[in-house]
Structures are given as structure tokens and as C-alpha cells.
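Visitor: A single structure is presented below for examination.
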Amino acid sequence: MNIILLGPPGAGKGTQSAGLVERHAMVQLSTGDMLRAAVKAQTPVGLKAKAVMDAGELVSDEIVADLIDAELAAMDAGTGAIFDGYPRTASQAETLDGILSKHGRTLDHVIELGVDIDALVERITGRFSCANCGALYHDTANPPASEGVCDSCGHTEFKRRPDDNEETVRTRMAVYRGETAPILPGYEARGIVTRVDGMAGITDVANAIDAVLA
Ligand code: ADP
Ligand code: AMP
């Protein structure tokens with residue numbers, strides 16, 4: 001099973017990917033996570049990507065295509081893939097088709113997380129994650145069960161993304177509207193898009209996604 005989780009920044013793609021990994025033993029392919037790892041490791045890709053990411057713009061299609069291709073090459077053919085944050089442009093969508101067929105895979109579902117754009121600034125500015133395992137939280141909507149302690153690994157340090165500030169969020173939303181949303185009609189024409197209400201609670205969204213995959 002190969003699926004795309006599509007939605008603007010803050011829609012819940014990372015949160016839902018983590019659930020899918022747990023429930024269905026799929027692998028999350030988040031280009032954002034891969035790029036942040038490259039920035040942290042100061043690889044040539046990371047050095048190139050940092051300023052672009054901090055500004056909320058998109059890194060080049062080639063960079064993300066190479067990252068996705070390398071991850072799929074390292075994966076077992078039978079393991080399902082969740083594309084989170086990729087593709088983000090018409091050109092990336094076309095490239096993904098080629099990469100998938102190269103690896104003998106086909107796209108089964110595009111799940112569009114429908115959200116109220118106005119609610120997303122609040123979601124993103126309240127986002128933080130465990131500094132050790134990366135588990136995602138929100139200040140008010142999804143805090144750890146025990147304050148200051150990660151539910152998943154018990155770690156007590158957390159971090160926030162440098163691009164999760166109001167100004168950069170506005171740019172990222174505009175990029176989503178201008179570059180990413182226009183790839184939906186192509187997938188709709190293929191009959192593989194299901195829209196799920198991303199404004200529902202995390203568990204309800206997860207149940208709706210599971211119903212699509214069943
Ligand atoms: P994306 O990967 O699409 O950018 P995230 O999964 O990181 O989005 O979610 C953004 C923020 O919103 C996180 O802080 C997360 O805890 C919170 N969040 C995710 N899904 C929901 C939801 N259904 N309701 C409320 N808050 C949510
Ligand atoms: P995300 O974690 O998905 O919110 O992505 C964080 C940032 O990484 C984005 O604002 C972009 O700068 C960059 N990025 C992530 N995925 C892509 C992609 N598919 N194409 C181009 N840039 C990306």
C-alpha cells in the first residue's frame with residue numbers, strides 16, 4: 001500500500017503518519033523530516049536547504065526526489081509507504097509516479113486532510129516535539145499526558161521548529177495554495193482521492209483514514 005497524506009502545514013500529516021506506522025507497520029517518508037535531519041547533520045543538502053526552509057519556501061524538486069528515491073530503494077518491496085509532505089508541486093507529482101514505477105509500486109490512495117486554514121496558525125505555533133524520539137505534541141490540543149514527559153519515550157526535553165513562527169507559516173500557506181493544492185485535480189481524475197475531515201479529533205481522523213485503507 002502506498003499512500004499520500006495531503007494537506008497544508010499543520011493539517012496533521014505527521015501526527016497521522018505516526019499512527020499509521022504504529023497500526024499498519026507502514027513507513028513514513030516525510031521530506032520535511034529528512035531535510036531537517038540533513039540540516040542538523042550539516043550535509044551538503046542540509047546546508048543548501050536551511051535558508052529556504054527557514055523562509056518557508058520550497059527546496060528544489062531534485063533534492064526531494066533524490067531523498068525519496070533513496071528511501072524507497074532501501075525499503076522492503078512489501079512495506080507500505082506513507083508520503084508526508086511530498087509531492088508538493090506538479091513536477092514532484094509527476095516525478096513521484098516515475099519513482100514509484102521504478103520501484104514496482106503504485107499509488108493506492110491520496111488522503112486529503114481537509115482543514116480550516118484559519119485554524120492552522122494556532123496548530124503550528126502550538127506545535128512541539130520530543131527532542132529524543134520526535135513524538136508530536138500541541139500546547140493545548142495534544143499535550144503529553146504527564147506535563148514535561150514524553151508519552152512515547154519518557155524523555156523530558158522538547159523542541160520547536162524554527163519555521164513554526166507566524167510569519168513563515170503565512171508564506172508556507174501561500175506556497176501550499178499556489179503550488180501544492182493544484183496537484184489535487186490530477187489525482188482526483190484518477191479516482192484515488194478521499195477527503196477526510198482534518199478538523200476532527202486526532203483519533204477520529206485516524207479512524208476515518210483507517211476506513212479508507214480497509
Ligand atoms: P503537519 O505534519 O501536517 O504539518 P502535524 O501532524 O505536525 O501537521 O500537526 C500540527 C500540530 O497540530 C501538532 O502540534 C499536532 O499535535 C496538532 N494536531 C494534529 N492533528 C490534530 C487534530 N486532529 N486536532 C488538533 N490538533 C492536532
Ligand atoms: P514540512 O515538515 O513538511 O512542513 O516541511 C518543512 C519545510 O521543508 C518546507 O517548508 C520546505 O521548505 C521543505 N520541504 C519539505 N518537503 C518538501 C518538498 N516536497 N518539496 C520542497 N520543499 C520541501
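By convention here, the chains of the C-alpha cells are called A, B, ... in the order presented, each chain's residues are numbered starting at 1, and ligands are numbered starting at 1 in the order presented.
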Please tabulate, as a Markdown table, the residues of chain A that come within 6 Å of ligand 1, each with its closest pair of atoms and the distance in Å to one decimal, counting only C-alpha atoms and all ligand atoms and ordering rows by chain, then residue number upward.
Guide:
| residue | atom | partner | partner_atom_place_in_ligand_line | distance |
| --- | --- | --- | --- | --- |
| A:Pro9 | CA | ligand 1 | 4 (O) | 3.9 |
| A:Gly10 | CA | ligand 1 | 8 (O) | 3.5 |
| A:Ala11 | CA | ligand 1 | 3 (O) | 3.9 |
| A:Gly12 | CA | ligand 1 | 6 (O) | 3.3 |
| A:Lys13 | CA | ligand 1 | 3 (O) | 3.7 |
| A:Gly14 | CA | ligand 1 | 2 (O) | 3.6 |
| A:Thr15 | CA | ligand 1 | 6 (O) | 3.6 |
| A:Arg123 | CA | ligand 1 | 12 (O) | 4.4 |
| A:Ile124 | CA | ligand 1 | 11 (C) | 5.2 |
| A:Gly126 | CA | ligand 1 | 14 (O) | 5.7 |
| A:Arg127 | CA | ligand 1 | 14 (O) | 3.3 |
| A:Phe128 | CA | ligand 1 | 14 (O) | 5.9 |
| A:Leu136 | CA | ligand 1 | 16 (O) | 5.3 |
| A:Tyr137 | CA | ligand 1 | 16 (O) | 3.9 |
| A:His138 | CA | ligand 1 | 14 (O) | 3.7 |
| A:Ala141 | CA | ligand 1 | 26 (N) | 4.9 |
| A:Asn142 | CA | ligand 1 | 16 (O) | 5.1 |
| A:Gly198 | CA | ligand 1 | 23 (N) | 5.6 |
| A:Met199 | CA | ligand 1 | 23 (N) | 5.4 |
| A:Ala200 | CA | ligand 1 | 23 (N) | 5.2 |
| A:Gly201 | CA | ligand 1 | 23 (N) | 4.2 |
| A:Ile202 | CA | ligand 1 | 23 (N) | 3.8 |
Visitor: Please, which residues have at least one atom within 7 Å of an atom of ligand 2, using only C-alpha atoms and all ligand atoms, listed as a PyMOL selection string?
Guide: chain A and resi 9+30-33+35+52-54+56-61+64+84-88+172
Visitor: Hey, what's within 9 Å of range 181-197 of chain A if we count only C-alpha atoms and toss same-chain stuff fewer than 4 positions away? As JSON, numbers by chain, please?
Guide: {"A": [6, 7, 8, 87, 88, 89, 90, 93, 107, 108, 109, 110, 111, 112, 113, 114, 115, 175, 176, 177, 204, 205, 208, 209, 212]}
Visitor: Please run DSSP on the backbone and report, as a VMD selection string, all residues within chain A that come out as helix (DSSP H, G or I).
Guide: chain A and resid 13 to 24 31 to 41 44 to 55 61 to 74 90 to 102 117 to 125 166 to 189 202 to 213
Visitor: With DSSP run on the backbone, what are the strand (DSSP E) residues within chain A? I'd like them as JSON, numbers by chain.
Guide: {"A": [2, 3, 4, 5, 6, 27, 28, 29, 30, 81, 82, 83, 84, 109, 110, 111, 112, 113, 114, 127, 128, 129, 130, 136, 137, 138, 158, 159, 193, 194, 195, 196, 197]}
Visitor: For Ile3 in chain A, which residue out of A:Leu213, A:Ile68, A:Val39, A:Val21 is the nearest one, using only C-alpha atoms?
Guide: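 Smallest distance to Ile3 in chain A is found for A:Leu213.
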Visitor: Counting only C-alpha atoms, which of A:Gln28, A:Pro162, A:Thr140, A:Gly104 gets nearest to Gly80 in chain A?
Guide: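 Closest to Gly80 in chain A of all the choices is A:Gln28.
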Visitor: Between A:Ala55, A:Asp151, A:Asp97, A:Ala135, which one has atoms that come closest to Val169 in chain A, using only C-alpha atoms?
Guide: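 Smallest distance to Val169 in chain A is found for A:Ala55.
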Visitor: A:Ala206, A:Leu67, A:His155, A:Ala131: which is nearest Glu22 in chain A, counting only C-alpha atoms?
Guide: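 Comparing A:Ala206, A:Leu67, A:His155, A:Ala131 against Glu22 in chain A, the winner is A:Ala206.
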Visitor: For the atom pair CA of Arg161 in chain A and CA of Ile82 in chain A, what is the interatomic distance in Å to one decimal place?
Guide: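 Value for the CA of Arg161 in chain A-CA of Ile82 in chain A distance: 21.8 Å.
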Visitor: State, in Å with one decimal place, the distance from CA of Met75 in chain A to CA of Ala18 in chain A.
Guide: 17.4 Å
Visitor: Just the number, please: distance in Å from CA of Gly46 in chain A to CA of Thr95 in chain A, one decimal.
Guide: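 The value is 21.4 Å.
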Visitor: Measuring between only C-alpha atoms, which one of A:Gly134, A:Gly78, A:Pro144, A:Gly154 shows the shortest distance to Arg36 in chain A?
Guide: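 Among the listed residues, A:Gly134 lies closest to Arg36 in chain A.
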Visitor: So, with only C-alpha atoms as the atoms that count, which of A:Val121, A:Met34, A:Leu96, A:Ala145 lies closest to Ala49 in chain A?
Guide: A:Met34
